[in-house]
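Working notes, structure below.
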Amino acid sequence: MLTTCKLALIASLAAIALVSGGIVAPGNMLVRETLGAGVALADDDDDDGGGNRGSGGSGRSGSYGAGAGWSGGKSLFPFRGFLPRRSTPRRPRAAAPAPPTRAPEEIVGLGISPSELGQLAAAGFEVLERDPMATFGTEVIKLRIPPGVTLESARQQARSVAPQAAVDFNHYFRPEQHPDAPCVTSDCLAREVIGWPEAQSWPGTCPAGVRIGLVDTAINPDHIAFEARNIEIVRLASDALPESGKQHGTAVAALLVGSATSRTPGLIPGGKLIAVDAFHRAGRQDDVSAAFDLARALDLLAGRQVKVINLIDLARALDLLAGRQVKVINLSLAGPPNLLLEQAVKEVGERGIIMVAAAGNDGPRAKPVYPGAYENVIAVTATDRQKRPYRRAGRGEHIDFAAPGVAVWTAASVRGARPKTGTSFAAPFVTAAVAMMMASEPDLAPERLRDRLTGHAEDLGDPGKDPVFGWGLLNARAICDTKT
């Protein structure tokens with residue numbers, strides 16, 4: 001009898017919770033305020049495997065936001081206290097293995113001479129791939145190490161044979177995004193925080209038709225955000241490798257040049273985007289780009305006369321973009337220091353090309369990530385709508401500027417839109433600003449441009465440059481209305 005009464009009570013409580021909105025069913029629609037969720041969630045259809053680092057659509061009614069802990073949604077079982085507790089304790093879950101940081105059995109080199117390559121071949125190294133780097137006047141070479149030799153020993157041996165070349169592991173670089181934070185309305189246009197004007201009201205001499213270069217994951221060109229067909233996509237990875245997910249690349253591309261009439265208007269909706277897809281899918285939800293491919297991508301895009309790019313498969317990408325004569329390169333990815341990448345960044349910087357990179361999302365105590373930490377790269381951290389630092393963003397003396405990067409409303413990979421969080425989505429704001437400035441003043445020197453961004457930035461945190469915000473929050477109101 002007691003059990004029957006208990007079950008009846010539980011059923012009654014469940015019915016009350018359902019009618020009153022205590023149960024929030026998961027789904028892809030916006031959570032209504034009348035149900036008490038308090039936040040707007042994804043209005044999207046992301047279906048390419050959940051995205052990078054667990055950032056894909058989960059169907060949950062809440063999300064981890066800029067602060068600590070879970071926000072949004074309500075418990076599916078508000079009456080769970082009436083249920084009997086599990087007598088056997090749960091077995092702790094084994095920690096997921098860390099993703100690989102480099103390709104196994106491979107090293108890469110930039111500037112290895114034919115005679116040195118012959119010596120390496122005689123020692124058992126095998127050429128897997130080689131590609132001319134027009135920007136650098138040499139070629140980048142991918143080598144398989146000899147059997148029975150460790151990667152460290154093989155790298156040291158190759159450096160001894162070719163001391164003047166940049167030889168290193170074929171490191172992996174990944175997009176810098178994290179689980180989506182909630183936003184307070186359906187269209188979370190974070191650009192309002194920095195005063196980014198509407199396309200029809202650009203001040204001063206800001207042009208509308210700038211060319212932008214992007215190196216990122218795959219992009220869905222059929223998304224409604226690209227209805228103007230203003231995107232050219234170049235896939236750099238081998239056709240033998242699986243295509244990377246489309247979440248990150250589609251989101252960054254739409255943030256830059258999304259149609260002004262779509263749900264996800266871009267920062268420069270009239271711009272032309274040349275996008276290099278240099279990533280490939282290395283695991284279930286792990287999109288990576290190797291240093292070898294990043295250099296090639298940069299060289300390619302530089303020849304297309306683009307003004308800005310978002311970097312992905314770094315060494316190939318840098319060479320590709322430099323060959324397209326770009327003026328600015330945006331790098332929404334991060335990884336470990338790499339000699340080949342460092343050399344490529346140096347060569348690109350010496351050509352007067354400005355590089356913008358994500359500061360990384362490994363936390364405030366993490367080591368600096370690259371290419372953002374290189375001296376001639378602009379490193380961008382992320383802030384929320386209250387101009388507070390994103391809690392996962394990297395910090396350090398290499399941080400240059402801050403920009404919105406929490407709950408940034410942009411395109412989902414298939415259709416619709418969703419908020420995105422991470423320093424990957426802060427970097428495009430600075431990239432777009434630099435692109436507009438360079439297009440309005442083609443002869444503007446990189447040093448002068450940096451000074452102008454610094455002078456107009458909103459100083460946050462400690463006075464002057466600090467490890468959290470750099471020189472401060474980007475001020476879009478002053479991008480093109482003055483030449484002081």
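Ordering of the structure tokens sets the chain letters (A, B, ...), residue numbers begin anew at 1 in every chain, and ligands are numbered from 1 in the order given.
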
Which residues are close to range 354-358 of chain A, i.e. within 8 Å by only C-alpha atoms, leaving aside same-chain residues fewer than 6 positions away? Reply as a PDB file with C-alpha atoms, in the first residue's frame.
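Saved file selection37.pdb follows:
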ATOM      1  CA  GLU A 176      40.143  27.146 -30.758  1.00  0.00           C
ATOM      2  CA  ASN A 310      41.850  32.692 -40.909  1.00  0.00           C
ATOM      3  CA  LEU A 311      44.685  30.202 -40.516  1.00  0.00           C
ATOM      4  CA  LYS A 327      47.758  41.909 -46.393  1.00  0.00           C
ATOM      5  CA  VAL A 328      46.357  40.262 -43.259  1.00  0.00           C
ATOM      6  CA  ILE A 329      46.197  36.635 -42.100  1.00  0.00           C
ATOM      7  CA  ASN A 330      43.835  35.435 -39.370  1.00  0.00           C
ATOM      8  CA  LEU A 331      44.717  32.225 -37.502  1.00  0.00           C
ATOM      9  CA  SER A 332      41.803  30.774 -35.517  1.00  0.00           C
ATOM     10  CA  LEU A 333      43.810  27.787 -34.376  1.00  0.00           C
ATOM     11  CA  ALA A 334      46.564  26.933 -31.946  1.00  0.00           C
ATOM     12  CA  PRO A 371      51.272  30.954 -33.800  1.00  0.00           C
ATOM     13  CA  GLY A 372      49.663  33.564 -31.538  1.00  0.00           C
ATOM     14  CA  ASN A 376      55.076  39.366 -35.145  1.00  0.00           C
ATOM     15  CA  VAL A 377      51.587  37.852 -34.751  1.00  0.00           C
ATOM     16  CA  ILE A 378      48.662  39.755 -33.179  1.00  0.00           C
ATOM     17  CA  ALA A 379      47.258  37.516 -30.413  1.00  0.00           C
ATOM     18  CA  VAL A 380      43.566  38.041 -29.622  1.00  0.00           C
ATOM     19  CA  THR A 381      41.843  36.971 -26.418  1.00  0.00           C
ATOM     20  CA  THR A 423      39.173  32.778 -28.905  1.00  0.00           C
ATOM     21  CA  SER A 424      38.660  31.417 -32.445  1.00  0.00           C
ATOM     22  CA  ALA A 426      37.349  36.701 -31.159  1.00  0.00           C
ATOM     23  CA  ALA A 427      40.200  36.761 -33.687  1.00  0.00           C
ATOM     24  CA  VAL A 430      40.409  42.059 -35.190  1.00  0.00           C
ATOM     25  CA  THR A 431      41.003  40.454 -38.582  1.00  0.00           C
ATOM     26  CA  PRO A 446      51.899  47.432 -40.326  1.00  0.00           C
TER      27      PRO A 446
END

- Kindly indicate which residue among A:Ile194, A:Ala291, A:Ala260, A:Val408 lies nearest to Phe173 in chain A, using only C-alpha atoms for the distances.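 Closest to Phe173 in chain A, using only C-alpha atoms: A:Ala291.
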
- Task: Pick out the residues sitting within 12 Å of Gln164 in chain A, and hand them over as a VMD selection string; count only C-alpha atoms, and ignore anything fewer than 4 positions along from it in its own chain.
- Result: chain A and resid 109 to 113 116 158 to 160 339 to 340 343

- Message: I'd like the interatomic distance between CA of Ala162 in chain A and CA of Lys142 in chain A, to a tenth of an Å.
- Response: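 Separation of CA of Ala162 in chain A and CA of Lys142 in chain A: 14.1 Å.
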
- Task: Can you pull out every residue within 8 Å of Val193 in chain A, counting only C-alpha atoms, but drop anything in the same chain fewer than 4 positions away, and send it as a ChimeraX atom specification?
- Result: /A:385,387,404

Next, the residues of the selection above should be written as a PDB file, in the first residue's frame with N, CA, C and O atoms.
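Ended up saving to again_39.pdb:
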ATOM      1  N   ARG A 385      29.958  39.720 -22.889  1.00  0.00           N
ATOM      2  CA  ARG A 385      29.204  40.961 -23.118  1.00  0.00           C
ATOM      3  C   ARG A 385      29.417  41.993 -22.016  1.00  0.00           C
ATOM      4  O   ARG A 385      29.151  43.173 -22.216  1.00  0.00           O
ATOM      5  N   LYS A 387      32.308  42.554 -20.853  1.00  0.00           N
ATOM      6  CA  LYS A 387      33.734  42.891 -21.046  1.00  0.00           C
ATOM      7  C   LYS A 387      34.625  42.213 -20.016  1.00  0.00           C
ATOM      8  O   LYS A 387      35.694  42.698 -19.687  1.00  0.00           O
ATOM      9  N   PRO A 404      35.124  40.373 -28.652  1.00  0.00           N
ATOM     10  CA  PRO A 404      34.050  39.474 -28.220  1.00  0.00           C
ATOM     11  C   PRO A 404      34.315  38.037 -28.658  1.00  0.00           C
ATOM     12  O   PRO A 404      34.656  37.784 -29.820  1.00  0.00           O
TER      13      PRO A 404
END

- Polymer residues at most 9 Å from Asp222 in chain A, only C-alpha atoms, same-chain spacing of 6 or more positions, as a ChimeraX atom specification: /A:229,414-415
